[in-house]
$ cat work.txt   # compact mmCIF, C-alpha atoms
# COMPACT_ATOMS: atom_id res chain seq x y z
CA MET A 1 33.00 -21.35 54.73
CA ASN A 2 34.70 -18.77 52.56
CA GLU A 3 38.44 -18.43 52.03
CA PHE A 4 38.22 -14.85 50.74
CA HIS A 5 39.31 -12.14 53.20
CA ALA A 6 39.03 -8.42 52.59
CA GLU A 7 42.42 -6.75 52.67
CA LEU A 8 43.15 -4.26 55.46
CA SER A 9 44.21 -1.06 53.75
CA PRO A 10 44.19 2.66 54.68
CA ILE A 11 40.85 2.90 52.85
CA VAL A 12 39.31 0.44 55.32
CA PHE A 13 40.36 2.65 58.24
CA LEU A 14 39.02 5.67 56.38
CA ASP A 15 35.70 3.87 55.88
CA LEU A 16 35.62 2.97 59.56
CA SER A 17 36.21 6.56 60.67
CA LEU A 18 33.57 7.85 58.22
CA LEU A 19 31.03 5.30 59.51
CA THR A 20 31.87 6.18 63.12
CA MET A 21 31.24 9.85 62.38
CA LEU A 22 27.94 8.92 60.67
CA VAL A 23 26.76 7.12 63.81
CA LEU A 24 27.84 10.05 66.01
CA VAL A 25 25.96 12.55 63.82
CA ALA A 26 22.86 10.33 63.80
CA PHE A 27 22.81 10.20 67.60
CA ALA A 28 23.41 13.94 67.87
CA MET A 29 20.43 14.51 65.54
CA LEU A 30 18.29 12.27 67.75
CA ARG A 31 19.36 14.04 70.95
CA SER A 32 19.03 17.61 69.74
CA ARG A 33 15.73 19.46 70.22
CA HIS A 34 16.96 22.55 68.38
CA LEU A 35 15.60 22.15 64.86
CA PHE A 36 18.16 24.39 63.16
CA ALA A 37 20.96 22.26 64.61
CA VAL A 38 19.19 19.13 63.35
CA VAL A 39 18.96 20.61 59.83
CA MET A 40 22.67 21.48 59.81
CA LEU A 41 23.57 18.05 61.18
CA SER A 42 21.49 16.36 58.47
CA GLY A 43 23.48 18.31 55.88
CA ILE A 44 26.68 17.08 57.49
CA PHE A 45 25.24 13.54 57.54
CA SER A 46 24.67 13.75 53.77
CA LEU A 47 28.20 15.03 53.15
CA LEU A 48 29.60 12.17 55.24
CA SER A 49 27.59 9.54 53.42
CA ALA A 50 28.64 11.12 50.11
CA SER A 51 32.30 10.72 51.14
CA PHE A 52 31.56 7.14 52.08
CA PHE A 53 29.99 6.50 48.64
CA VAL A 54 33.07 8.00 46.94
CA SER A 55 35.20 5.67 49.02
CA LEU A 56 33.03 2.81 47.70
CA ASP A 57 33.72 4.05 44.11
CA ALA A 58 30.11 5.05 43.47
CA VAL A 59 30.79 8.67 42.56
CA ASP A 60 27.43 9.21 40.84
CA VAL A 61 25.46 8.04 43.85
CA ALA A 62 27.71 10.21 46.01
CA PHE A 63 27.09 13.20 43.81
CA THR A 64 23.32 12.73 43.97
CA GLU A 65 23.55 12.36 47.74
CA ALA A 66 25.54 15.58 48.07
CA ALA A 67 23.28 17.58 45.74
CA VAL A 68 19.97 16.32 47.13
CA GLY A 69 20.91 15.66 50.76
CA ALA A 70 23.29 18.49 51.54
CA GLY A 71 21.89 20.98 49.03
CA ILE A 72 18.19 20.76 48.23
CA SER A 73 16.77 19.04 51.30
CA THR A 74 18.66 21.33 53.69
CA VAL A 75 17.02 24.29 51.97
CA LEU A 76 13.61 22.57 51.94
CA MET A 77 13.83 21.75 55.64
CA LEU A 78 14.85 25.32 56.45
CA GLY A 79 11.86 26.53 54.43
CA GLY A 80 9.63 24.16 56.39
CA MET A 81 11.13 25.43 59.62
CA LEU A 82 10.12 28.99 58.69
CA LEU A 83 6.48 27.83 58.76
CA THR A 84 6.72 26.05 62.11
CA ALA A 85 8.49 26.24 65.45
CA ARG A 86 12.22 26.41 66.01
CA ARG A 87 12.26 23.75 68.69
CA GLU A 88 10.91 20.26 68.88
CA LYS A 89 8.36 19.67 71.63
CA PRO A 90 9.65 17.52 74.50
CA VAL A 91 8.88 13.85 73.99
CA VAL A 92 6.20 12.41 76.23
CA PRO A 93 7.70 9.33 77.92
CA GLY A 94 5.69 6.17 78.29
CA ARG A 95 5.66 4.43 74.94
CA ALA A 96 9.47 4.44 74.70
CA PRO A 97 10.13 0.88 76.03
CA VAL A 98 7.87 -0.79 73.44
CA ALA A 99 9.39 1.24 70.59
CA LEU A 100 12.91 0.46 71.86
CA ALA A 101 12.12 -3.26 72.00
CA VAL A 102 10.68 -3.25 68.46
CA THR A 103 13.68 -1.31 67.12
CA LEU A 104 16.20 -3.56 68.85
CA LEU A 105 14.43 -6.69 67.59
CA THR A 106 14.33 -5.42 64.00
CA GLY A 107 17.95 -4.31 64.20
CA ALA A 108 19.02 -7.68 65.60
CA ALA A 109 17.16 -9.47 62.80
CA LEU A 110 18.86 -7.28 60.17
CA VAL A 111 22.32 -7.84 61.70
CA TYR A 112 21.59 -11.58 61.83
CA ALA A 113 20.68 -11.43 58.11
CA THR A 114 24.01 -9.76 57.22
CA ILE A 115 25.93 -12.77 58.57
CA ASP A 116 24.91 -14.68 55.45
CA MET A 117 26.11 -11.94 53.12
CA PRO A 118 29.38 -12.45 51.19
CA ALA A 119 32.41 -10.44 52.29
CA PHE A 120 32.94 -6.98 50.81
CA GLY A 121 34.67 -7.33 47.45
CA ASP A 122 34.42 -11.13 47.42
CA PRO A 123 35.00 -12.30 43.81
CA GLU A 124 32.78 -15.33 44.48
CA ALA A 125 29.78 -13.24 45.52
CA PRO A 126 26.75 -13.53 43.20
CA ALA A 127 26.84 -9.78 42.53
CA ASN A 128 30.39 -10.08 41.17
CA LYS A 129 29.99 -13.26 39.17
CA TYR A 130 27.57 -12.95 36.26
CA VAL A 131 26.41 -9.61 34.83
CA GLY A 132 28.70 -7.69 37.16
CA GLN A 133 31.74 -9.51 35.82
CA ALA A 134 30.63 -8.74 32.27
CA TYR A 135 30.44 -5.04 33.11
CA VAL A 136 33.89 -5.16 34.70
CA ASP A 137 35.34 -6.96 31.67
CA GLU A 138 33.76 -4.93 28.91
CA THR A 139 33.53 -1.38 30.25
CA PRO A 140 37.14 -0.44 29.31
CA SER A 141 36.60 -1.52 25.69
CA ASP A 142 32.93 -0.46 25.34
CA ILE A 143 33.08 2.94 27.00
CA ALA A 144 36.22 4.78 27.98
CA VAL A 145 34.90 5.73 31.42
CA PRO A 146 37.21 5.17 34.41
CA ASN A 147 34.33 4.30 36.75
CA ILE A 148 32.16 1.26 36.15
CA VAL A 149 29.20 2.55 38.17
CA THR A 150 29.16 5.63 35.94
CA ALA A 151 29.33 3.45 32.84
CA VAL A 152 26.36 1.35 34.03
CA LEU A 153 24.29 4.39 35.02
CA ALA A 154 24.96 6.60 32.04
CA SER A 155 25.51 4.15 29.20
CA TYR A 156 24.38 0.56 29.80
CA ARG A 157 21.24 1.79 31.55
CA GLY A 158 21.11 5.11 29.77
CA PHE A 159 17.45 4.84 28.71
CA ASP A 160 16.49 3.88 32.26
CA THR A 161 18.28 6.94 33.63
CA LEU A 162 16.63 9.12 30.97
CA GLY A 163 13.21 7.78 32.01
CA GLU A 164 13.94 8.50 35.67
CA THR A 165 14.97 12.03 34.79
CA MET A 166 11.70 12.51 32.89
CA VAL A 167 9.65 11.20 35.85
CA ILE A 168 11.38 13.59 38.24
CA PHE A 169 11.03 16.48 35.80
CA THR A 170 7.28 15.80 35.43
CA ALA A 171 6.87 15.54 39.20
CA GLY A 172 8.68 18.85 39.63
CA ILE A 173 6.41 20.58 37.09
CA ALA A 174 3.32 19.13 38.81
CA VAL A 175 4.48 20.35 42.22
CA ILE A 176 5.20 23.84 40.86
CA LEU A 177 1.74 23.95 39.25
CA LEU A 178 0.02 22.74 42.44
CA LEU A 179 1.80 25.15 44.74
CA GLY A 180 1.62 28.03 42.33
CA ALA A 181 4.85 29.68 41.38
CA GLY A 182 5.79 32.80 43.31
CA SER A 183 3.33 32.29 46.16
CA VAL A 184 3.45 30.60 49.51
CA ARG A 185 0.77 29.92 52.18
CA GLY A 186 -2.33 30.30 50.05
CA GLY A 187 -1.12 32.93 47.69
CA ARG A 188 0.67 35.39 49.95
CA GLU A 189 3.32 37.01 47.83
CA ILE A 190 6.94 36.67 48.83
CA SER A 191 8.75 39.93 48.90
CA ASP A 192 12.08 41.09 50.16
CA LEU A 193 10.31 44.12 51.60
CA ASP A 194 8.68 43.97 55.06
CA ASP A 195 5.36 45.54 56.06
CA GLN A 196 6.75 49.04 56.27
CA GLY A 197 8.10 48.74 52.76
CA GLU A 198 11.68 48.87 53.96
CA GLU A 199 14.27 46.45 52.79
CA LYS A 200 15.13 43.93 55.48
CA SER A 201 18.69 43.94 56.70
CA MET B 1 51.60 7.34 49.46
CA THR B 2 52.62 7.97 53.07
CA MET B 3 52.16 11.69 52.50
CA PHE B 4 48.59 11.14 51.28
CA ALA B 5 47.83 8.82 54.20
CA VAL B 6 49.04 11.46 56.68
CA ALA B 7 47.00 14.12 54.87
CA THR B 8 43.91 11.89 55.07
CA ILE B 9 44.39 11.41 58.81
CA ALA B 10 44.78 15.17 59.27
CA ILE B 11 41.59 15.86 57.29
CA VAL B 12 39.65 13.27 59.30
CA ILE B 13 40.82 14.92 62.53
CA ALA B 14 39.74 18.31 61.18
CA MET B 15 36.34 16.79 60.31
CA VAL B 16 35.97 15.56 63.88
CA LEU B 17 36.79 19.05 65.18
CA ALA B 18 34.17 20.62 62.88
CA LEU B 19 31.68 17.97 64.08
CA ILE B 20 32.36 18.90 67.71
CA ARG B 21 31.59 22.53 66.88
CA ALA B 22 28.38 21.50 65.09
CA PHE B 23 27.31 19.40 68.10
CA ALA B 24 28.18 22.00 70.71
CA GLY B 25 26.90 25.09 68.94
CA PRO B 26 25.88 27.20 70.78
CA SER B 27 24.82 29.86 68.26
CA LEU B 28 23.22 29.34 64.85
CA TYR B 29 26.22 30.91 63.14
CA ASP B 30 28.58 28.41 64.77
CA ARG B 31 26.55 25.62 63.24
CA VAL B 32 26.41 27.24 59.80
CA LEU B 33 30.16 27.70 59.90
CA ALA B 34 30.69 24.14 61.11
CA GLY B 35 28.53 22.80 58.28
CA ASN B 36 30.34 24.92 55.70
CA SER B 37 33.81 23.95 56.89
CA PHE B 38 32.69 20.32 57.03
CA GLY B 39 31.75 20.64 53.36
CA THR B 40 35.21 22.02 52.60
CA LYS B 41 36.79 19.09 54.45
CA THR B 42 34.65 16.73 52.35
CA VAL B 43 36.01 18.33 49.16
CA LEU B 44 39.58 17.92 50.43
CA LEU B 45 38.94 14.36 51.56
CA ILE B 46 37.56 13.34 48.16
CA GLY B 47 40.57 14.96 46.48
CA VAL B 48 43.09 13.18 48.71
CA MET B 49 41.15 9.90 48.53
CA GLY B 50 41.67 9.78 44.76
CA PHE B 51 45.44 10.11 45.13
CA LEU B 52 45.47 7.64 48.03
CA THR B 53 43.94 4.96 45.82
CA GLY B 54 46.15 5.98 42.89
CA ARG B 55 43.21 7.00 40.69
CA PRO B 56 42.84 10.79 40.77
CA ASP B 57 40.04 10.69 38.17
CA PHE B 58 37.46 12.11 40.54
CA LEU B 59 39.16 15.41 41.23
CA ASP B 60 36.53 17.29 39.21
CA ILE B 61 33.81 15.70 41.38
CA ALA B 62 35.49 17.39 44.35
CA LEU B 63 35.25 20.71 42.48
CA LEU B 64 31.50 20.18 41.97
CA TYR B 65 31.17 19.49 45.70
CA ALA B 66 32.81 22.84 46.37
CA LEU B 67 30.16 24.51 44.16
CA ILE B 68 27.28 22.70 45.93
CA ASN B 69 28.73 23.64 49.30
CA PHE B 70 28.93 27.29 48.28
CA ALA B 71 25.35 27.39 46.97
CA ALA B 72 23.99 25.58 50.04
CA THR B 73 25.72 27.99 52.42
CA ILE B 74 24.30 30.97 50.54
CA ALA B 75 20.82 29.40 50.73
CA ILE B 76 21.17 28.79 54.48
CA LEU B 77 22.31 32.34 55.08
CA ARG B 78 19.30 33.63 53.11
CA PHE B 79 17.24 31.91 55.83
CA PHE B 80 18.34 34.58 58.28
CA SER B 81 17.00 37.35 56.08
CA TYR B 82 13.62 35.56 55.61
CA ARG B 83 12.91 35.47 59.36
CA LYS B 84 9.56 36.83 60.46
CA PRO B 85 9.34 40.52 61.34
CA LYS B 86 9.88 41.32 64.97
CA GLY B 87 6.48 42.48 66.25
CA ASP B 88 4.72 39.19 65.46
CA PRO B 89 3.62 37.60 68.78
CA ALA B 90 2.39 34.42 67.10
CA ALA B 91 5.89 33.47 66.04
CA PRO B 92 8.46 34.39 68.66
CA ILE B 93 11.97 34.48 67.32
CA ASN B 94 14.69 33.13 69.54
CA LYS B 95 17.46 35.62 70.02
CA GLU B 96 20.73 35.19 68.19
CA GLY B 97 22.77 32.56 69.92
CA ALA B 98 19.94 31.09 71.98
CA ALA B 99 20.35 27.36 71.66

$ encode --input "work.txt" --output "C-alpha cells"
Amino acid sequence: MNEFHAELSPIVFLDLSLLTMLVLVAFAMLRSRHLFAVVMLSGIFSLLSASFFVSLDAVDVAFTEAAVGAGISTVLMLGGMLLTARREKPVVPGRAPVALAVTLLTGAALVYATIDMPAFGDPEAPANKYVGQAYVDETPSDIAVPNIVTAVLASYRGFDTLGETMVIFTAGIAVILLLGAGSVRGGREISDLDDQGEEKS
Amino acid sequence: MTMFAVATIAIVIAMVLALIRAFAGPSLYDRVLAGNSFGTKTVLLIGVMGFLTGRPDFLDIALLYALINFAATIAILRFFSYRKPKGDPAAPINKEGAA
C-alpha cells in the first residue's frame, strides 16, 4: 500500500542491537529477586534507552532519560531499598496464567495496531507532512540549531517548556516541605556518625 | 566510515560483555562496576554514533553523560556507607558478595 521503504544502514543494525539488549535487560530485571541487581539493571536500561533516543536524533529526550533514569531514580530506588528488604519475596504462583493471558492479549492488540502505522521515516506519514515539515523547512533559517527536536523543545515551544520546568520546580519544593529537609523516617536526623559516635568506614 | 562502523561494533560487543557481568553478578561490587562501565560504553557509543552519521554535533552531550555517570556512581557507592549498623537484628545485612 506504500512504496516507501526504510533504508538498511549501519544505524538500523545499531538500533536492532540496542533494542535486543533492552529486551534482555528487561527480562533479567523480571527474573532477578535481588533488589540491588534490579536497581543497577534499571540504570543500565535507562542508559540503553538513552542511546536509542540519541540514535533517533532526540538528544534532549535522551538527556532527560539519562539524567532522570540512570541518575536520580537509581539513587531514589537505592534510598527506598535502605528502608526495606534487600530481596523480593518469592512470587506466589496461581494467578500467573490469567495475568499472562491478559498481557499477551494486550500485547497482541498493540502489535496489531502498529501494522497500520506508517514506516519509520516515511515522508508521506501524517507526522512528517504538515507542521513537522514546516519545522524541518524553517529551523535552519529561524534558529541555528543543528537538531530539530531541540529547536522545537527549546524555541518553538519554549514557553511550554518553561511552564513544565515551573511545575516540576513547584512539585519539588512541595515534596521537600512535606518531607522536611534534613530528616527521614519521622524526623530522625541523618548523620554520618553511628550510635557510638564513630565515623563509619 | 568503515573505521567508525568497526568501532561501533566493538563498543556494542563490549556493552554485551558488561551486560553479562551485570546479569551474572555475583557480588554487589561487580554490578556497580558493570553499571559504571556500561555508562562509559554509552558515552563512547554516542560519540562514535555522531561520526558514523556524519554529524558530530552531539559530542558535548556525550561529555555530559560522562558527568552523570560519574555522579551516579558516587551516589551508588555512598549507599554502602549508609548501610544499617551491624547489631540491628530487625534488618539483617547480607554479607558482601551474597547474591

$ atom_distance --input "work.txt" --atom1 "atom CA of B:Ser37" --atom2 "atom CA of B:Ile74"
13.4 Å

$ interface_residues --input "work.txt" --of "chain A" --to "chain B" --cutoff "7 Å" --atoms "only C-alpha atoms" --output "JSON, numbers by chain"
{"A": [28, 34, 37, 40, 44, 47, 51, 67, 71, 75, 200, 201]}

$ atom_distance --input "work.txt" --atom1 "atom CA of B:Met1" --atom2 "atom CA of B:Pro56"
12.8 Å

$ atom_distance --input "work.txt" --atom1 "atom CA of A:Ile11" --atom2 "atom CA of B:Asp60"
20.3 Å

$ closest_residue --input "work.txt" --among "A:Ala154, A:Met21, A:Ser46, A:Ala96" --to "B:Leu17" --atoms "only C-alpha atoms"
A:Met21

$ closest_residue --input "work.txt" --among "A:Val39, A:Ala99, A:Leu56, A:Val136" --to "A:Ile72" --atoms "all atoms listed in the file"
A:Val39

$ residues_near_point --input "work.txt" --point "(23.8, 8.1, 42.3)" --cutoff "12 Å" --atoms "all atoms listed in the file" --output "JSON list (two decimals) with C-alpha atoms, in the frame of the given file"
[["chain", "number", "residue", "atom", "x", "y", "z"],
["A", 49, "SER", "CA", 27.59, 9.54, 53.42],
["A", 50, "ALA", "CA", 28.64, 11.12, 50.11],
["A", 53, "PHE", "CA", 29.99, 6.50, 48.64],
["A", 54, "VAL", "CA", 33.07, 8.00, 46.94],
["A", 56, "LEU", "CA", 33.03, 2.81, 47.70],
["A", 57, "ASP", "CA", 33.72, 4.05, 44.11],
["A", 58, "ALA", "CA", 30.11, 5.05, 43.47],
["A", 59, "VAL", "CA", 30.79, 8.67, 42.56],
["A", 60, "ASP", "CA", 27.43, 9.21, 40.84],
["A", 61, "VAL", "CA", 25.46, 8.04, 43.85],
["A", 62, "ALA", "CA", 27.71, 10.21, 46.01],
["A", 63, "PHE", "CA", 27.09, 13.20, 43.81],
["A", 64, "THR", "CA", 23.32, 12.73, 43.97],
["A", 65, "GLU", "CA", 23.55, 12.36, 47.74],
["A", 66, "ALA", "CA", 25.54, 15.58, 48.07],
["A", 67, "ALA", "CA", 23.28, 17.58, 45.74],
["A", 68, "VAL", "CA", 19.97, 16.32, 47.13],
["A", 69, "GLY", "CA", 20.91, 15.66, 50.76],
["A", 149, "VAL", "CA", 29.20, 2.55, 38.17],
["A", 150, "THR", "CA", 29.16, 5.63, 35.94],
["A", 151, "ALA", "CA", 29.33, 3.45, 32.84],
["A", 152, "VAL", "CA", 26.36, 1.35, 34.03],
["A", 153, "LEU", "CA", 24.29, 4.39, 35.02],
["A", 154, "ALA", "CA", 24.96, 6.60, 32.04],
["A", 161, "THR", "CA", 18.28, 6.94, 33.63],
["A", 164, "GLU", "CA", 13.94, 8.50, 35.67]]

$ residues_around --input "work.txt" --residues "A:Ala26" --least-positions-apart "6" --cutoff "9 Å" --atoms "all atoms listed in the file" --output "VMD selection string"
chain A and resid 41 to 42 45

$ closest_residue --input "work.txt" --among "A:Val23, A:Ala134, A:Leu48, A:Ala85" --to "A:Tyr156" --atoms "all atoms listed in the file"
A:Ala134

$ decode --input "work.txt" --residues "stretch 36-71 of chain B" --atoms "N, CA and C atoms" --output "tab-separated table (two decimals), in the first residue's frame"
chain	number	residue	atom	x	y	z
B	36	ASN	N	28.75	1.02	35.88
B	36	ASN	CA	29.62	2.16	35.58
B	36	ASN	C	30.29	2.00	34.22
B	37	SER	N	30.79	0.78	33.94
B	37	SER	CA	31.48	0.62	32.65
B	37	SER	C	30.46	0.63	31.52
B	38	PHE	N	29.22	0.23	31.81
B	38	PHE	CA	28.18	0.35	30.78
B	38	PHE	C	27.91	1.82	30.46
B	39	GLY	N	27.94	2.67	31.50
B	39	GLY	CA	27.78	4.10	31.26
B	39	GLY	C	28.90	4.65	30.40
B	40	THR	N	30.13	4.20	30.67
B	40	THR	CA	31.26	4.64	29.85
B	40	THR	C	31.09	4.22	28.40
B	41	LYS	N	30.61	2.97	28.21
B	41	LYS	CA	30.38	2.49	26.84
B	41	LYS	C	29.30	3.33	26.15
B	42	THR	N	28.29	3.76	26.94
B	42	THR	CA	27.25	4.61	26.35
B	42	THR	C	27.86	5.92	25.85
B	43	VAL	N	28.74	6.51	26.68
B	43	VAL	CA	29.40	7.76	26.27
B	43	VAL	C	30.15	7.55	24.96
B	44	LEU	N	30.93	6.45	24.89
B	44	LEU	CA	31.70	6.17	23.68
B	44	LEU	C	30.78	5.94	22.49
B	45	LEU	N	29.70	5.20	22.75
B	45	LEU	CA	28.79	4.88	21.64
B	45	LEU	C	28.16	6.15	21.07
B	46	ILE	N	27.76	7.08	21.97
B	46	ILE	CA	27.15	8.32	21.48
B	46	ILE	C	28.18	9.13	20.69
B	47	GLY	N	29.44	9.13	21.18
B	47	GLY	CA	30.48	9.83	20.44
B	47	GLY	C	30.68	9.25	19.05
B	48	VAL	N	30.80	7.93	18.97
B	48	VAL	CA	31.06	7.28	17.67
B	48	VAL	C	29.84	7.42	16.76
B	49	MET	N	28.63	7.36	17.38
B	49	MET	CA	27.40	7.43	16.58
B	49	MET	C	27.33	8.74	15.80
B	50	GLY	N	27.79	9.84	16.43
B	50	GLY	CA	27.79	11.12	15.74
B	50	GLY	C	28.66	11.10	14.51
B	51	PHE	N	29.86	10.51	14.62
B	51	PHE	CA	30.76	10.45	13.47
B	51	PHE	C	30.25	9.48	12.42
B	52	LEU	N	29.55	8.41	12.89
B	52	LEU	CA	29.03	7.42	11.96
B	52	LEU	C	27.97	8.02	11.05
B	53	THR	N	27.15	8.92	11.63
B	53	THR	CA	26.13	9.57	10.81
B	53	THR	C	26.65	10.84	10.16
B	54	GLY	N	27.92	11.19	10.39
B	54	GLY	CA	28.50	12.36	9.75
B	54	GLY	C	28.08	13.67	10.38
B	55	ARG	N	27.50	13.62	11.59
B	55	ARG	CA	27.09	14.87	12.26
B	55	ARG	C	27.59	14.86	13.69
B	56	PRO	N	28.88	15.14	13.89
B	56	PRO	CA	29.41	15.05	15.27
B	56	PRO	C	29.03	16.25	16.13
B	57	ASP	N	27.77	16.71	16.05
B	57	ASP	CA	27.34	17.87	16.83
B	57	ASP	C	27.07	17.51	18.28
B	58	PHE	N	26.86	16.21	18.53
B	58	PHE	CA	26.38	15.83	19.85
B	58	PHE	C	27.51	15.32	20.74
B	59	LEU	N	28.73	15.69	20.40
B	59	LEU	CA	29.86	15.20	21.18
B	59	LEU	C	29.82	15.74	22.60
B	60	ASP	N	29.33	16.99	22.77
B	60	ASP	CA	29.27	17.55	24.12
B	60	ASP	C	28.20	16.87	24.96
B	61	ILE	N	27.15	16.31	24.30
B	61	ILE	CA	26.15	15.52	25.03
B	61	ILE	C	26.84	14.31	25.67
B	62	ALA	N	27.76	13.69	24.90
B	62	ALA	CA	28.48	12.54	25.43
B	62	ALA	C	29.28	12.94	26.67
B	63	LEU	N	29.86	14.15	26.64
B	63	LEU	CA	30.61	14.62	27.82
B	63	LEU	C	29.68	14.75	29.02
B	64	LEU	N	28.46	15.28	28.80
B	64	LEU	CA	27.51	15.41	29.91
B	64	LEU	C	27.13	14.05	30.47
B	65	TYR	N	27.02	13.04	29.57
B	65	TYR	CA	26.72	11.69	30.03
B	65	TYR	C	27.83	11.19	30.95
B	66	ALA	N	29.07	11.51	30.59
B	66	ALA	CA	30.19	11.09	31.43
B	66	ALA	C	30.05	11.70	32.82
B	67	LEU	N	29.62	12.98	32.90
B	67	LEU	CA	29.44	13.62	34.20
B	67	LEU	C	28.34	12.93	35.00
B	68	ILE	N	27.19	12.66	34.34
B	68	ILE	CA	26.07	12.00	35.03
B	68	ILE	C	26.51	10.64	35.56
B	69	ASN	N	27.26	9.91	34.71
B	69	ASN	CA	27.70	8.58	35.08
B	69	ASN	C	28.58	8.64	36.32
B	70	PHE	N	29.47	9.63	36.34
B	70	PHE	CA	30.36	9.81	37.49
B	70	PHE	C	29.55	10.08	38.75
B	71	ALA	N	28.62	11.05	38.67
B	71	ALA	CA	27.84	11.42	39.85
B	71	ALA	C	27.00	10.24	40.34
